[in-house]
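*Asks:* Take this structure first; my questions come after.
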Amino acid sequence: MGKIILRLDRVMADRKISLKELSEKVGVSNVNLSKMKTGKISAIRFSTLAAICDALNCQPGDILEYDADDMDE
């Protein structure tokens, strides 16, 4: 099975927005956004994803990527 890769760090860099600023706009703690940024989460609420997309003016596909070749085992 493939793997979902989070590209939040790339989109944030493109938009020149800090973790603190995004946290304030989205209403999610710095710690949770940091985990998302580094890909250390296993789930994300659609409401959180929608808020991030709204704050960054992007689509979910800009943040999430599916890698069919990446095998965990």
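Residues in the structure tokens are named by chain (A, B, ... in the order shown) and by number from 1 within that chain; ligands are numbered from 1 in the order shown.
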Using DSSP on the backbone coordinates, identify all residues within chain A classified as helix (DSSP H, G or I); present the result as a VMD selection string.
*Replies:* chain A and resid 8 to 15 19 to 26 30 to 37 46 to 56 60 to 63
*Asks:* What's around A:Tyr66 at 10 Å? Count only C-alpha atoms, leave out sequence neighbours fewer than 5 positions away in its own chain, and write the answer as number ranges by chain.
*Replies:* A: 2-6, 61
*Asks:* Could you turn the residues from that selection into a file that holds C-alpha atoms, as a compact mmCIF listing (two decimals), in the first residue's frame?
*Replies:*
# COMPACT_ATOMS: atom_id res chain seq x y z
CA GLY A 2 1.14 3.53 -0.72
CA LYS A 3 1.49 6.44 1.65
CA ILE A 4 -0.08 9.89 2.07
CA ILE A 5 2.55 12.62 2.22
CA LEU A 6 1.83 16.00 3.79
CA GLY A 61 -4.34 18.42 -3.19
*Asks:* Closest to A:Gly39 among A:Lys25, A:Arg15, A:Arg7, A:Lys20, using only C-alpha atoms?
*Replies:* A:Arg7
*Asks:* Hey, what's within 10 Å of A:Ser34 if we count only C-alpha atoms and toss same-chain stuff fewer than 5 positions away? As number ranges by chain, please?
*Replies:* A: 8-9, 19-20, 23, 29, 39-41
*Asks:* Counting only C-alpha atoms, which residue out of A:Ile17, A:Val26, A:Ala50, A:Val11 sits closest to A:Ile63?
*Replies:* A:Val11
*Asks:* How many Å separate atom CA of A:Asp54 from atom CA of A:Ser42?
*Replies:*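 If I compute the distance from atom CA of A:Asp54 to atom CA of A:Ser42, I get 21.6 Å.
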*Asks:* Nearest to A:Pro60: which of A:Ala13, A:Val31, A:Met1, A:Ile44 is it, counting only C-alpha atoms?
*Replies:* A:Ile44
*Asks:* Please report, as a list in words, each residue of chain A to which DSSP assigns strand (DSSP E or B) when run on this structure's backbone.
*Replies:* Lys3, Ile4, Ile5, Leu6, Leu64, Glu65, Tyr66 and Asp67 of chain A
*Asks:* Output the selection as a compact mmCIF listing (two decimals), in the first residue's frame - N, CA, C and O atoms for each residue.
*Replies:*
# COMPACT_ATOMS: atom_id res chain seq x y z
N LYS A 3 1.44 5.60 0.47
CA LYS A 3 1.49 6.44 1.65
C LYS A 3 1.02 7.85 1.29
O LYS A 3 1.30 8.35 0.21
N ILE A 4 0.31 8.49 2.22
CA ILE A 4 -0.08 9.89 2.07
C ILE A 4 1.05 10.75 2.62
O ILE A 4 1.52 10.54 3.74
N ILE A 5 1.48 11.72 1.83
CA ILE A 5 2.55 12.62 2.22
C ILE A 5 1.97 14.02 2.40
O ILE A 5 1.24 14.50 1.53
N LEU A 6 2.29 14.64 3.52
CA LEU A 6 1.83 16.00 3.79
C LEU A 6 2.85 17.00 3.26
O LEU A 6 4.04 16.88 3.53
N LEU A 64 -1.84 17.55 0.38
CA LEU A 64 -1.78 16.09 0.47
C LEU A 64 -1.33 15.49 -0.85
O LEU A 64 -1.79 15.91 -1.92
N GLU A 65 -0.47 14.49 -0.75
CA GLU A 65 0.00 13.80 -1.94
C GLU A 65 0.00 12.29 -1.67
O GLU A 65 0.32 11.87 -0.56
N TYR A 66 -0.38 11.52 -2.65
CA TYR A 66 -0.39 10.05 -2.50
C TYR A 66 0.80 9.48 -3.26
O TYR A 66 0.97 9.74 -4.44
N ASP A 67 1.62 8.70 -2.58
CA ASP A 67 2.78 8.04 -3.19
C ASP A 67 2.50 6.54 -3.21
O ASP A 67 2.63 5.87 -2.19
*Asks:* What is the distance between atom CA of A:Leu56 and atom CA of A:Ala68, in Å to one decimal?
*Replies:*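 Distance between the two atoms: 26.3 Å.
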